[in-house]
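Below is the file upload_37.txt, which contains compact mmCIF, C-alpha atoms and all ligand atoms.
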```
# COMPACT_ATOMS: atom_id res chain seq x y z
CA MET A 1 -0.76 160.99 28.63
CA PRO A 2 -3.31 161.30 31.49
CA ILE A 3 -6.33 159.03 31.17
CA ALA A 4 -10.01 159.42 32.10
CA ASP A 5 -12.80 156.93 32.81
CA THR A 6 -16.35 156.81 31.42
CA LEU A 7 -17.38 159.53 33.91
CA ASN A 8 -14.39 161.66 32.92
CA ARG A 9 -12.56 161.01 36.18
CA PRO A 10 -8.75 161.03 35.95
CA LEU A 11 -6.50 158.46 37.62
CA ARG A 12 -4.47 160.36 40.23
CA ASP A 13 -4.02 158.18 43.32
CA LEU A 14 -2.80 154.63 43.48
CA ARG A 15 -3.05 152.62 46.67
CA ILE A 16 -0.47 149.85 46.57
CA SER A 17 -0.91 146.89 48.88
CA LEU A 18 2.50 145.46 49.66
CA ILE A 19 1.42 142.36 51.54
CA ASP A 20 -1.83 140.59 52.37
CA ARG A 21 -0.63 139.50 55.82
CA CYS A 22 -1.24 141.46 58.98
CA ASN A 23 -0.09 141.27 62.58
CA PHE A 24 -3.55 142.42 63.75
CA ARG A 25 -6.97 140.87 63.26
CA CYS A 26 -9.23 143.90 63.43
CA PRO A 27 -12.76 142.40 63.36
CA TYR A 28 -13.96 145.08 60.91
CA CYS A 29 -11.22 144.17 58.42
CA MET A 30 -9.68 140.71 58.93
CA PRO A 31 -11.82 138.85 61.48
CA LYS A 32 -9.77 136.05 63.00
CA GLU A 33 -12.51 133.49 62.36
CA GLN A 34 -11.79 133.88 58.65
CA PHE A 35 -8.15 134.92 58.67
CA HIS A 36 -7.15 132.04 60.95
CA GLU A 37 -3.84 130.22 61.33
CA HIS A 38 -4.57 127.98 58.33
CA TYR A 39 -5.64 130.83 56.07
CA ARG A 40 -3.70 130.70 52.82
CA PHE A 41 -1.91 134.02 52.50
CA LEU A 42 0.21 134.70 49.43
CA LYS A 43 3.64 133.11 49.23
CA SER A 44 6.47 135.58 48.72
CA GLN A 45 6.94 134.72 45.03
CA GLU A 46 3.22 135.34 44.46
CA ARG A 47 3.59 138.93 45.67
CA LEU A 48 4.84 141.62 43.34
CA SER A 49 8.55 142.18 43.85
CA PHE A 50 9.86 145.67 44.60
CA ASP A 51 11.20 145.89 41.02
CA GLU A 52 7.77 145.01 39.63
CA ILE A 53 6.10 147.58 41.89
CA VAL A 54 8.53 150.30 40.81
CA ARG A 55 8.03 149.47 37.14
CA LEU A 56 4.26 149.65 37.52
CA ALA A 57 4.56 152.91 39.49
CA ARG A 58 6.49 154.40 36.53
CA LEU A 59 3.80 153.29 34.10
CA PHE A 60 1.00 154.64 36.30
CA ALA A 61 2.84 157.95 36.75
CA GLY A 62 2.93 158.22 32.96
CA LEU A 63 -0.87 157.90 32.95
CA GLY A 64 -1.38 160.71 35.45
CA VAL A 65 -0.90 159.14 38.89
CA ARG A 66 0.68 161.68 41.25
CA LYS A 67 0.15 160.11 44.65
CA LEU A 68 1.04 156.66 45.96
CA ARG A 69 -0.22 155.21 49.21
CA LEU A 70 1.58 152.16 50.52
CA THR A 71 -0.71 149.88 52.47
CA GLY A 72 -1.55 146.22 53.12
CA GLY A 73 -2.28 144.08 55.16
CA GLU A 74 0.41 145.60 57.29
CA PRO A 75 2.99 147.20 54.98
CA LEU A 76 5.73 147.28 57.64
CA LEU A 77 5.74 143.47 57.61
CA ARG A 78 7.38 143.73 54.20
CA ALA A 79 11.16 143.54 54.73
CA ASN A 80 13.27 146.51 53.56
CA LEU A 81 10.25 148.70 52.92
CA ALA A 82 12.43 151.83 53.22
CA ASP A 83 14.36 150.69 50.10
CA LEU A 84 11.14 150.59 48.11
CA VAL A 85 10.23 154.07 49.35
CA GLY A 86 13.63 155.30 48.16
CA ASP A 87 13.07 153.85 44.68
CA LEU A 88 9.54 155.23 44.44
CA THR A 89 10.66 158.75 45.32
CA ASP A 90 12.80 158.62 42.16
CA VAL A 91 9.80 157.93 39.91
CA ARG A 92 9.21 161.00 37.75
CA GLY A 93 5.71 162.47 38.20
CA ILE A 94 5.09 161.06 41.69
CA ASP A 95 4.96 163.99 44.08
CA ASP A 96 3.45 162.39 47.16
CA ILE A 97 4.10 159.04 48.84
CA ALA A 98 2.20 158.09 51.97
CA LEU A 99 2.15 155.01 54.16
CA THR A 100 -0.77 153.61 56.15
CA THR A 101 0.21 151.37 59.05
CA ASN A 102 -1.18 150.01 62.29
CA GLY A 103 1.91 151.58 63.87
CA VAL A 104 3.21 148.61 65.84
CA LEU A 105 6.49 148.44 63.90
CA LEU A 106 6.72 152.15 63.17
CA GLY A 107 9.06 152.88 66.07
CA GLN A 108 11.69 150.63 64.45
CA HIS A 109 11.37 152.09 60.97
CA ALA A 110 10.38 155.77 61.20
CA VAL A 111 13.91 157.18 60.91
CA ASP A 112 14.86 154.94 57.93
CA LEU A 113 11.62 155.68 56.15
CA HIS A 114 12.15 159.42 56.51
CA ALA A 115 15.79 159.13 55.45
CA ASN A 116 14.63 157.35 52.28
CA GLY A 117 12.18 160.08 51.35
CA LEU A 118 8.88 159.27 53.06
CA ARG A 119 7.28 162.49 54.29
CA ARG A 120 3.89 161.40 55.60
CA VAL A 121 2.44 158.55 57.55
CA THR A 122 -1.07 157.56 58.58
CA VAL A 123 -1.41 155.44 61.68
CA SER A 124 -4.60 153.52 62.38
CA LEU A 125 -5.61 153.89 65.99
CA ASP A 126 -9.25 153.46 66.97
CA THR A 127 -9.14 154.18 70.70
CA LEU A 128 -6.88 154.92 73.66
CA ASP A 129 -8.80 152.50 75.86
CA LYS A 130 -6.63 149.41 76.32
CA GLU A 131 -9.46 146.93 76.53
CA ILE A 132 -11.34 148.31 73.55
CA PHE A 133 -8.06 148.53 71.62
CA ALA A 134 -7.49 144.81 72.27
CA ARG A 135 -10.98 144.01 70.95
CA MET A 136 -10.58 146.20 67.90
CA SER A 137 -7.21 144.72 66.97
CA GLY A 138 -8.34 141.13 67.50
CA GLY A 139 -6.25 140.73 70.65
CA PHE A 140 -2.98 141.34 68.83
CA GLY A 141 -0.67 144.30 69.18
CA ALA A 142 -0.02 146.60 72.08
CA LEU A 143 -1.44 150.09 72.42
CA GLU A 144 1.87 151.30 73.94
CA GLN A 145 3.77 150.21 70.84
CA VAL A 146 1.40 152.12 68.56
CA LEU A 147 1.70 155.24 70.71
CA SER A 148 5.49 155.05 70.70
CA GLY A 149 5.35 154.48 66.93
CA ILE A 150 3.42 157.76 66.64
CA ASP A 151 5.98 159.53 68.84
CA ALA A 152 8.81 158.12 66.71
CA ALA A 153 7.09 159.32 63.53
CA ILE A 154 6.75 162.84 64.95
CA ALA A 155 10.39 162.83 66.09
CA ALA A 156 11.51 161.62 62.65
CA GLY A 157 9.63 164.48 60.94
CA LEU A 158 6.87 162.41 59.30
CA THR A 159 4.46 165.19 60.13
CA PRO A 160 1.68 165.95 60.38
CA VAL A 161 1.01 162.35 61.40
CA LYS A 162 -2.54 161.39 60.45
CA ILE A 163 -4.47 159.06 62.69
CA ASN A 164 -7.30 157.00 61.22
CA ALA A 165 -9.89 155.94 63.77
CA VAL A 166 -12.72 153.63 62.68
CA ILE A 167 -15.72 154.45 64.86
CA GLU A 168 -18.36 151.84 65.69
CA ARG A 169 -21.44 152.72 67.69
CA GLY A 170 -21.54 151.09 71.10
CA LEU A 171 -17.95 149.89 70.79
CA ASN A 172 -15.56 152.86 70.72
CA ASP A 173 -17.66 155.91 69.88
CA HIS A 174 -17.69 157.05 73.51
CA THR A 175 -13.86 157.17 73.41
CA ALA A 176 -13.55 159.13 70.15
CA LEU A 177 -13.03 162.52 71.81
CA ASP A 178 -10.23 161.10 73.98
CA LEU A 179 -8.14 160.80 70.81
CA LEU A 180 -8.62 164.52 70.18
CA GLU A 181 -7.90 165.36 73.78
CA ARG A 182 -4.54 163.61 73.49
CA PHE A 183 -3.47 164.74 70.03
CA ARG A 184 -4.92 168.25 69.66
CA GLY A 185 -2.16 170.82 69.60
CA LEU A 186 0.44 168.28 68.38
CA PRO A 187 1.52 167.82 64.72
CA VAL A 188 -1.17 165.14 64.43
CA ILE A 189 -4.50 165.13 62.57
CA VAL A 190 -7.13 162.71 63.81
CA ARG A 191 -9.57 161.52 61.14
CA PHE A 192 -12.71 159.63 62.11
CA ILE A 193 -13.80 156.97 59.62
CA GLU A 194 -17.32 155.63 59.34
CA PHE A 195 -17.40 151.86 59.81
CA MET A 196 -17.74 150.39 56.31
CA ASP A 197 -19.17 147.12 55.05
CA VAL A 198 -16.54 144.81 53.66
CA GLY A 199 -18.22 141.89 51.92
CA ASN A 200 -20.43 139.83 54.19
CA ARG A 201 -17.81 139.01 56.67
CA ASN A 202 -17.39 141.87 59.14
CA ASN A 203 -20.88 141.85 60.70
CA TRP A 204 -21.56 145.32 59.38
CA ARG A 205 -24.98 146.77 60.18
CA PRO A 206 -26.14 150.30 59.37
CA GLU A 207 -26.98 151.01 63.01
CA LEU A 208 -23.30 150.52 63.93
CA VAL A 209 -22.27 153.48 61.76
CA VAL A 210 -21.87 156.79 63.59
CA PRO A 211 -22.53 159.36 60.85
CA SER A 212 -19.76 161.96 60.64
CA ARG A 213 -22.28 164.74 61.14
CA GLU A 214 -23.24 163.33 64.53
CA LEU A 215 -19.61 162.96 65.57
CA ALA A 216 -18.77 166.46 64.32
CA GLU A 217 -21.57 167.83 66.52
CA ARG A 218 -20.13 166.04 69.52
CA VAL A 219 -16.68 167.45 68.77
CA ASN A 220 -18.06 170.95 68.20
CA ALA A 221 -19.88 170.90 71.54
CA ARG A 222 -16.54 170.33 73.29
CA TRP A 223 -14.14 172.28 71.05
CA PRO A 224 -15.83 174.55 68.48
CA ILE A 225 -14.76 173.74 64.91
CA GLN A 226 -15.01 175.46 61.52
CA PRO A 227 -15.01 173.76 58.10
CA VAL A 228 -11.87 174.09 55.98
CA SER A 229 -11.96 174.05 52.18
CA GLN A 230 -10.65 170.97 50.38
CA ASN A 231 -6.93 170.66 49.62
CA TYR A 232 -7.77 169.23 46.18
CA PRO A 233 -10.85 167.96 44.28
CA GLY A 234 -11.83 164.48 45.40
CA GLU A 235 -10.17 164.79 48.81
CA VAL A 236 -11.61 162.01 50.91
CA ALA A 237 -11.60 163.57 54.38
CA LYS A 238 -13.78 166.58 55.21
CA ARG A 239 -11.54 168.84 57.28
CA TRP A 240 -12.43 171.11 60.20
CA HIS A 241 -10.21 173.54 62.14
CA PHE A 242 -10.42 173.90 65.89
CA GLU A 243 -11.41 177.53 66.53
CA ASP A 244 -8.87 177.74 69.35
CA GLY A 245 -6.01 177.11 66.92
CA ALA A 246 -5.20 173.59 68.17
CA GLY A 247 -5.08 172.10 64.66
CA GLU A 248 -7.70 170.17 62.71
CA VAL A 249 -9.87 167.08 62.69
CA GLY A 250 -11.09 165.10 59.67
CA PHE A 251 -14.11 162.95 58.88
CA ILE A 252 -14.23 160.20 56.26
CA SER A 253 -17.88 159.56 55.49
CA SER A 254 -18.02 156.90 52.81
CA ILE A 255 -21.34 155.59 54.19
CA SER A 256 -23.30 158.78 54.97
CA GLN A 257 -21.83 160.99 52.22
CA PRO A 258 -20.50 158.78 49.42
CA PHE A 259 -17.87 160.53 47.33
CA CYS A 260 -17.63 158.57 44.09
CA GLY A 261 -18.24 161.62 41.91
CA ALA A 262 -14.67 162.89 41.95
CA CYS A 263 -12.97 159.61 42.81
CA SER A 264 -9.58 159.34 41.15
CA ARG A 265 -8.30 156.38 43.18
CA ALA A 266 -7.39 152.88 42.17
CA ARG A 267 -5.60 150.08 43.93
CA LEU A 268 -3.03 147.48 43.16
CA SER A 269 -3.18 144.32 45.25
CA SER A 270 -0.07 142.59 46.56
CA GLU A 271 -0.49 139.87 43.91
CA GLY A 272 -0.60 142.48 41.17
CA LYS A 273 -4.31 142.90 40.46
CA PHE A 274 -5.43 146.36 39.43
CA TYR A 275 -8.81 147.40 40.89
CA THR A 276 -10.53 150.53 39.65
CA CYS A 277 -12.47 150.95 42.91
CA LEU A 278 -11.41 150.35 46.52
CA PHE A 279 -14.42 148.07 46.87
CA ALA A 280 -14.26 146.24 43.54
CA THR A 281 -14.28 142.45 43.59
CA GLN A 282 -12.90 141.99 40.07
CA GLY A 283 -9.41 143.14 39.25
CA LEU A 284 -7.18 143.05 36.19
CA ASP A 285 -4.16 140.79 36.57
CA LEU A 286 -1.02 142.79 35.79
CA ARG A 287 1.43 140.28 37.28
CA ALA A 288 0.95 137.66 34.55
CA PRO A 289 1.74 139.99 31.63
CA LEU A 290 4.60 141.57 33.59
CA ARG A 291 6.14 138.16 34.17
CA ALA A 292 5.42 137.02 30.63
CA GLY A 293 7.64 139.83 29.36
CA SER A 294 5.09 142.37 28.11
CA ASP A 295 6.75 145.62 27.15
CA ASP A 296 5.70 149.05 28.46
CA THR A 297 3.42 149.77 25.50
CA GLU A 298 1.48 146.54 26.07
CA MET A 299 1.22 147.14 29.81
CA LEU A 300 0.03 150.72 29.28
CA GLN A 301 -2.61 149.52 26.86
CA LEU A 302 -3.99 147.10 29.45
CA ILE A 303 -4.16 149.74 32.19
CA ARG A 304 -5.67 152.33 29.86
CA GLY A 305 -8.32 149.84 28.79
CA ALA A 306 -9.31 149.05 32.38
CA TRP A 307 -9.51 152.70 33.46
CA GLY A 308 -11.15 153.81 30.22
CA ASN A 309 -14.03 151.35 30.84
CA ARG A 310 -14.39 152.30 34.49
CA THR A 311 -17.96 152.94 35.63
CA ASP A 312 -17.53 152.26 39.39
CA ARG A 313 -19.77 154.17 41.81
CA TYR A 314 -19.93 151.59 44.55
CA SER A 315 -20.61 153.86 47.53
CA GLU A 316 -23.26 155.88 45.71
CA LEU A 317 -25.00 152.76 44.40
CA ARG A 318 -25.06 151.27 47.87
CA GLU A 319 -26.67 154.47 49.13
CA GLU A 320 -29.26 154.40 46.33
CA LEU A 321 -30.09 150.76 47.11
CA ARG A 322 -30.46 151.55 50.75
CA ARG A 323 -32.86 154.39 50.05
CA THR A 324 -35.00 152.52 47.52
CA SER A 325 -35.26 149.11 49.16
CA PRO A 326 -36.45 148.34 52.70
CA SER A 327 -33.97 145.42 53.01
CA PRO A 328 -31.27 146.26 50.53
CA LYS A 329 -29.39 143.44 48.93
CA LYS A 330 -25.73 143.58 49.84
CA ILE A 331 -23.40 144.42 47.01
CA GLU A 332 -20.47 142.06 47.34
CA MET A 333 -17.39 143.98 48.32
CA ASN A 334 -13.80 143.09 48.55
CA TYR A 335 -11.31 143.12 51.36
CA ILE A 336 -10.01 146.68 51.12
CA GLY A 337 -6.51 145.64 52.04
CA GLY A 338 -4.64 142.65 50.57
C1 LIG A 401 -6.77 147.89 55.51
S1 LIG A 401 -5.76 148.92 56.54
C2 LIG A 401 -4.14 148.56 55.90
C3 LIG A 401 -3.00 149.32 56.51
C4 LIG A 401 -2.66 149.02 57.98
N1 LIG A 401 -2.71 147.65 58.32
C5 LIG A 401 -3.51 149.85 58.89
O1 LIG A 401 -4.33 149.29 59.62
O2 LIG A 401 -3.36 151.07 58.87
C6 LIG A 401 -6.06 150.55 55.89
C7 LIG A 401 -7.15 151.34 56.59
O3 LIG A 401 -8.42 150.75 56.33
C8 LIG A 401 -9.23 150.95 57.47
N2 LIG A 401 -10.32 149.97 57.47
C9 LIG A 401 -10.23 148.63 57.38
N3 LIG A 401 -11.45 148.05 57.44
C10 LIG A 401 -12.35 149.06 57.57
C11 LIG A 401 -13.77 149.12 57.69
N4 LIG A 401 -14.51 148.02 57.68
N5 LIG A 401 -14.36 150.32 57.80
C12 LIG A 401 -13.59 151.46 57.79
N6 LIG A 401 -12.25 151.47 57.68
C13 LIG A 401 -11.63 150.29 57.58
C14 LIG A 401 -8.26 150.73 58.62
O4 LIG A 401 -8.71 151.27 59.82
C15 LIG A 401 -7.02 151.41 58.12
O5 LIG A 401 -7.00 152.76 58.52
S1 LIG A 402 -7.13 147.39 59.49
FE1 LIG A 402 -4.94 147.19 59.10
S2 LIG A 402 -4.22 146.42 61.08
FE2 LIG A 402 -6.36 146.01 61.09
S3 LIG A 402 -6.57 143.92 60.27
FE3 LIG A 402 -6.85 145.37 58.57
S4 LIG A 402 -4.87 145.46 57.65
FE4 LIG A 402 -4.56 144.67 59.75
```
I need this file expressed as structure tokens, please.
Amino acid sequence: MPIADTLNRPLRDLRISLIDRCNFRCPYCMPKEQFHEHYRFLKSQERLSFDEIVRLARLFAGLGVRKLRLTGGEPLLRANLADLVGDLTDVRGIDDIALTTNGVLLGQHAVDLHANGLRRVTVSLDTLDKEIFARMSGGFGALEQVLSGIDAAIAAGLTPVKINAVIERGLNDHTALDLLERFRGLPVIVRFIEFMDVGNRNNWRPELVVPSRELAERVNARWPIQPVSQNYPGEVAKRWHFEDGAGEVGFISSISQPFCGACSRARLSSEGKFYTCLFATQGLDLRAPLRAGSDDTEMLQLIRGAWGNRTDRYSELREELRRTSPSPKKIEMNYIGG
């Protein structure tokens, strides 16, 4: 039976983090000063096993979840990921499985992932400028590898490939249109993401955000664009078509246009905590009851309870605070990966 929260929002999308580790140290996500060589990442037995993930996916599907997004950390660091994809495609009710990756290992895995049922992939790529890329990935990873990962994904049929580009003013915003120049006309959709605050650790400041509207104007001045209607209620990216028929571009505006109203997303961390908001700091531990032998009815009751009490409107509240207070207090936010 589908469930709804206190604001009558259903639970449709589940973002599953497969691993808290990453082979990048993007300063906006996992700054290397904090995620250093002695940082205590989860040990493998602390992470949910593939069997546990599949069991939870079945339970969530029974509560209305239709879409799974596999993420991390860097999900392709998890060995045999294609096997998990294969098992998840068999879960009744799930009609869409997506993967978000930094793309470095995609070249090695694209064919297997497609063969096991993955149909879509999102690759995070903030710039085509080598030096800026190095800064935005913390000095790890090679731009060439990400680009060949994208090529491999296209060749394997994981299309349209979506590209997520986080845009920060004064850092990579002047290179944003280069991404469109390169990928327009290919089976690739570039989506620009407003730089978001993640706790107090990524040096976020409002002046570093390039509002989507401003970026859309810059795009429109070069290649005229027209808005496209949403694919489904609560779709995160606002989509625009290029008038010349060269595809589309998306904008994810969680800072300038918060979209909590129709939010049907939740996330499951790699250690098995269920968060009812991408930015929530408190999650419900599902790993302990799973490992203590709780049956499906008990697990469903726990999940129902958490979603039924959900009141989260983080992005909207942050916006309200910003408008009503000259120096708004930061709302503590969680690492959106992990
Ligand atoms: C946390 S990463 C995990 C998956 C994978 N490692 C990757 O980079 O695609 C998922 C997405 O969150 C985005 N992200 C992380 N921190 C962000 C921030 N502070 N503001 C906006 N987007 C952010 C990344 O750019 C990426 O597209
Ligand atoms: S955005 Fe992705 S690639 Fe970058 S540090 Fe975060 S998890 Fe790693």
Please, which residues have at least one atom within 8 Å of an atom of ligand LIG 401 (chain A), using all atoms listed in the file, listed as a PyMOL selection string?
chain A and resi 17+22+24+26+28-30+71-75+100-103+122-126+163-167+193-198+202+204+335-338
Atom CA of A:Gly308 to atom CA of A:Asp5, distance in Å rounded to a single decimal
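These atoms are spaced 4.4 Å apart.
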Could you check which of A:Arg25, A:Arg15, A:His174, A:Arg205 is closest to ligand LIG 402 (chain A), using all atoms listed in the file?
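Residue with the minimum atom-to-atom distance to ligand LIG 402 (chain A): A:Arg25.
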What's around A:Leu59 at 7 Å? Count all atoms listed in the file, leave out sequence neighbours fewer than 4 positions away in its own chain, and write the answer as a PyMOL selection string.
chain A and resi 55+63+300
Close residues, stretch 190-192 of chain A itself excluded, 9 Å, all atoms listed in the file, min 6 positions apart in chain, as a ChimeraX atom specification
/A:126,161-167,176,179-180,183-184,212,215,237-239,248-253
